[in-house]
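The next block holds one structure in the form of structure tokens; read it before the comments.
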Amino acid sequence: MTTLKSKLQEDLNAAIKERDELRSSTLRLTLAAITKEEVAGKEKRELSDDEVQKVITREAKKRREAAEAFAQGGRPEQSEREKAEGEVLARYLPKPLSDEELDAIVAQAVEEAKAAGAEGPRAMGAVMKIVNPKVAGQAEGGRVAAAVKKLLAG
């Protein structure tokens, strides 16, 4: 078992013992998503820590989107629950990049793409290929794309 997955399992056991319903249900759902990912495809396999982190990131994103949908739908109590679940998951993710850090990484990638011959708005794909591995798990794709567009347009 990977270290991140075993940490989730240990925290789930602790949450159950403490009778922390929010944490235990959130971790149960996350571990179920990880298990589902492990058995997807032709044969069962063990996920690496990076793959487990991607699953946790995906689960956290689902919580954020659900919280927004519930808030717009006039269900504030359900929205708060989703936000709280997202905060539980955020503890297992790397610290998100600040806008300045993201802009610096994007600026460097734009220079690399220009050196490789990509220019203007058409360079978006080339720049994204350079940036995505560097910011994996630390910034959402939409935020990255907006920063790239802003730099390529300017």
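Identifiers in this document derive from the order of the structure tokens: chains are assigned A, B, ..., residues are numbered from 1 separately in each chain, and ligands are numbered from 1 in order of occurrence.
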Problem set entry | Backbone-only DSSP, alpha helix (DSSP H) members of range 79-117 of chain A, as a PyMOL selection string | chain A and resi 79-90+99-115
Residues of the last selection are to be written out with N, CA and C atoms, as a PDB file, in the first residue's frame.
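Saved the output as result.pdb:
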```pdb
ATOM      1  N   SER A  79     -24.345  23.022   1.006  1.00  0.00           N
ATOM      2  CA  SER A  79     -23.166  23.691   0.467  1.00  0.00           C
ATOM      3  C   SER A  79     -22.052  23.729   1.516  1.00  0.00           C
ATOM      4  N   GLU A  80     -22.416  24.042   2.770  1.00  0.00           N
ATOM      5  CA  GLU A  80     -21.421  24.084   3.852  1.00  0.00           C
ATOM      6  C   GLU A  80     -20.813  22.710   4.091  1.00  0.00           C
ATOM      7  N   ARG A  81     -21.628  21.680   4.006  1.00  0.00           N
ATOM      8  CA  ARG A  81     -21.147  20.304   4.196  1.00  0.00           C
ATOM      9  C   ARG A  81     -20.106  19.963   3.123  1.00  0.00           C
ATOM     10  N   GLU A  82     -20.419  20.313   1.876  1.00  0.00           N
ATOM     11  CA  GLU A  82     -19.490  20.031   0.772  1.00  0.00           C
ATOM     12  C   GLU A  82     -18.183  20.804   0.954  1.00  0.00           C
ATOM     13  N   LYS A  83     -18.277  22.061   1.386  1.00  0.00           N
ATOM     14  CA  LYS A  83     -17.066  22.867   1.631  1.00  0.00           C
ATOM     15  C   LYS A  83     -16.223  22.230   2.730  1.00  0.00           C
ATOM     16  N   ALA A  84     -16.877  21.772   3.803  1.00  0.00           N
ATOM     17  CA  ALA A  84     -16.159  21.137   4.911  1.00  0.00           C
ATOM     18  C   ALA A  84     -15.460  19.856   4.441  1.00  0.00           C
ATOM     19  N   GLU A  85     -16.131  19.069   3.593  1.00  0.00           N
ATOM     20  CA  GLU A  85     -15.515  17.860   3.047  1.00  0.00           C
ATOM     21  C   GLU A  85     -14.296  18.223   2.193  1.00  0.00           C
ATOM     22  N   GLY A  86     -14.423  19.303   1.423  1.00  0.00           N
ATOM     23  CA  GLY A  86     -13.297  19.775   0.610  1.00  0.00           C
ATOM     24  C   GLY A  86     -12.110  20.169   1.460  1.00  0.00           C
ATOM     25  N   GLU A  87     -12.377  20.783   2.630  1.00  0.00           N
ATOM     26  CA  GLU A  87     -11.293  21.172   3.536  1.00  0.00           C
ATOM     27  C   GLU A  87     -10.606  19.945   4.132  1.00  0.00           C
ATOM     28  N   VAL A  88     -11.370  18.897   4.407  1.00  0.00           N
ATOM     29  CA  VAL A  88     -10.784  17.653   4.915  1.00  0.00           C
ATOM     30  C   VAL A  88      -9.803  17.101   3.873  1.00  0.00           C
ATOM     31  N   LEU A  89     -10.218  17.097   2.608  1.00  0.00           N
ATOM     32  CA  LEU A  89      -9.370  16.567   1.533  1.00  0.00           C
ATOM     33  C   LEU A  89      -8.159  17.463   1.264  1.00  0.00           C
ATOM     34  N   ALA A  90      -8.327  18.768   1.467  1.00  0.00           N
ATOM     35  CA  ALA A  90      -7.230  19.707   1.193  1.00  0.00           C
ATOM     36  C   ALA A  90      -6.000  19.411   2.049  1.00  0.00           C
ATOM     37  N   ASP A  99      -0.525  33.134  -7.023  1.00  0.00           N
ATOM     38  CA  ASP A  99      -0.601  33.701  -8.377  1.00  0.00           C
ATOM     39  C   ASP A  99       0.784  34.079  -8.894  1.00  0.00           C
ATOM     40  N   GLU A 100       1.627  34.612  -7.996  1.00  0.00           N
ATOM     41  CA  GLU A 100       2.984  35.027  -8.403  1.00  0.00           C
ATOM     42  C   GLU A 100       3.814  33.818  -8.832  1.00  0.00           C
ATOM     43  N   GLU A 101       3.745  32.736  -8.046  1.00  0.00           N
ATOM     44  CA  GLU A 101       4.506  31.527  -8.381  1.00  0.00           C
ATOM     45  C   GLU A 101       4.035  30.940  -9.715  1.00  0.00           C
ATOM     46  N   LEU A 102       2.713  30.912  -9.910  1.00  0.00           N
ATOM     47  CA  LEU A 102       2.151  30.386 -11.152  1.00  0.00           C
ATOM     48  C   LEU A 102       2.584  31.242 -12.343  1.00  0.00           C
ATOM     49  N   ASP A 103       2.512  32.577 -12.181  1.00  0.00           N
ATOM     50  CA  ASP A 103       2.915  33.475 -13.268  1.00  0.00           C
ATOM     51  C   ASP A 103       4.389  33.288 -13.629  1.00  0.00           C
ATOM     52  N   ALA A 104       5.239  33.055 -12.626  1.00  0.00           N
ATOM     53  CA  ALA A 104       6.669  32.850 -12.882  1.00  0.00           C
ATOM     54  C   ALA A 104       6.899  31.567 -13.679  1.00  0.00           C
ATOM     55  N   ILE A 105       6.210  30.500 -13.317  1.00  0.00           N
ATOM     56  CA  ILE A 105       6.344  29.224 -14.037  1.00  0.00           C
ATOM     57  C   ILE A 105       5.835  29.375 -15.469  1.00  0.00           C
ATOM     58  N   VAL A 106       4.692  30.065 -15.633  1.00  0.00           N
ATOM     59  CA  VAL A 106       4.115  30.266 -16.966  1.00  0.00           C
ATOM     60  C   VAL A 106       5.052  31.128 -17.820  1.00  0.00           C
ATOM     61  N   ALA A 107       5.621  32.180 -17.241  1.00  0.00           N
ATOM     62  CA  ALA A 107       6.532  33.061 -17.987  1.00  0.00           C
ATOM     63  C   ALA A 107       7.741  32.275 -18.492  1.00  0.00           C
ATOM     64  N   GLN A 108       8.282  31.416 -17.643  1.00  0.00           N
ATOM     65  CA  GLN A 108       9.419  30.588 -18.038  1.00  0.00           C
ATOM     66  C   GLN A 108       9.018  29.645 -19.179  1.00  0.00           C
ATOM     67  N   ALA A 109       7.836  29.064 -19.094  1.00  0.00           N
ATOM     68  CA  ALA A 109       7.359  28.141 -20.130  1.00  0.00           C
ATOM     69  C   ALA A 109       7.133  28.869 -21.453  1.00  0.00           C
ATOM     70  N   VAL A 110       6.624  30.112 -21.385  1.00  0.00           N
ATOM     71  CA  VAL A 110       6.408  30.905 -22.604  1.00  0.00           C
ATOM     72  C   VAL A 110       7.756  31.158 -23.288  1.00  0.00           C
ATOM     73  N   GLU A 111       8.779  31.467 -22.491  1.00  0.00           N
ATOM     74  CA  GLU A 111      10.124  31.688 -23.064  1.00  0.00           C
ATOM     75  C   GLU A 111      10.639  30.407 -23.732  1.00  0.00           C
ATOM     76  N   GLU A 112      10.428  29.254 -23.061  1.00  0.00           N
ATOM     77  CA  GLU A 112      10.868  27.976 -23.642  1.00  0.00           C
ATOM     78  C   GLU A 112      10.136  27.699 -24.959  1.00  0.00           C
ATOM     79  N   ALA A 113       8.831  27.979 -24.985  1.00  0.00           N
ATOM     80  CA  ALA A 113       8.035  27.733 -26.191  1.00  0.00           C
ATOM     81  C   ALA A 113       8.479  28.659 -27.318  1.00  0.00           C
ATOM     82  N   LYS A 114       8.769  29.925 -26.979  1.00  0.00           N
ATOM     83  CA  LYS A 114       9.238  30.870 -28.000  1.00  0.00           C
ATOM     84  C   LYS A 114      10.585  30.431 -28.551  1.00  0.00           C
ATOM     85  N   ALA A 115      11.450  29.909 -27.681  1.00  0.00           N
ATOM     86  CA  ALA A 115      12.758  29.421 -28.128  1.00  0.00           C
ATOM     87  C   ALA A 115      12.588  28.231 -29.075  1.00  0.00           C
TER      88      ALA A 115
END
```
Counting only C-alpha atoms, closest pick from A:Lys61, A:Arg23, A:Arg75, A:Lys54 relative to Gly142 in chain A is A:Lys61
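Coordinates place CA of Lys95 in chain A at a distance of 26.3 Å from CA of Leu152 in chain A.
Counting from CA of Met128 in chain A, the distance to CA of Val148 in chain A is 7.5 Å.
Comparing the minimum interatomic distances between Tyr92 in chain A and each of A:Ile56, A:Ile16, A:Ala153, A:Val135, counting only C-alpha atoms, we find that A:Ile56 sits nearest.
Comparing the minimum interatomic distances between Thr30 in chain A and each of A:Gln9, A:Gln72, A:Ser48, A:Gln78, counting only C-alpha atoms, we find that A:Gln9 sits nearest.
Between CA of Lys36 in chain A and CA of Phe70 in chain A lies a distance of 26.0 Å.
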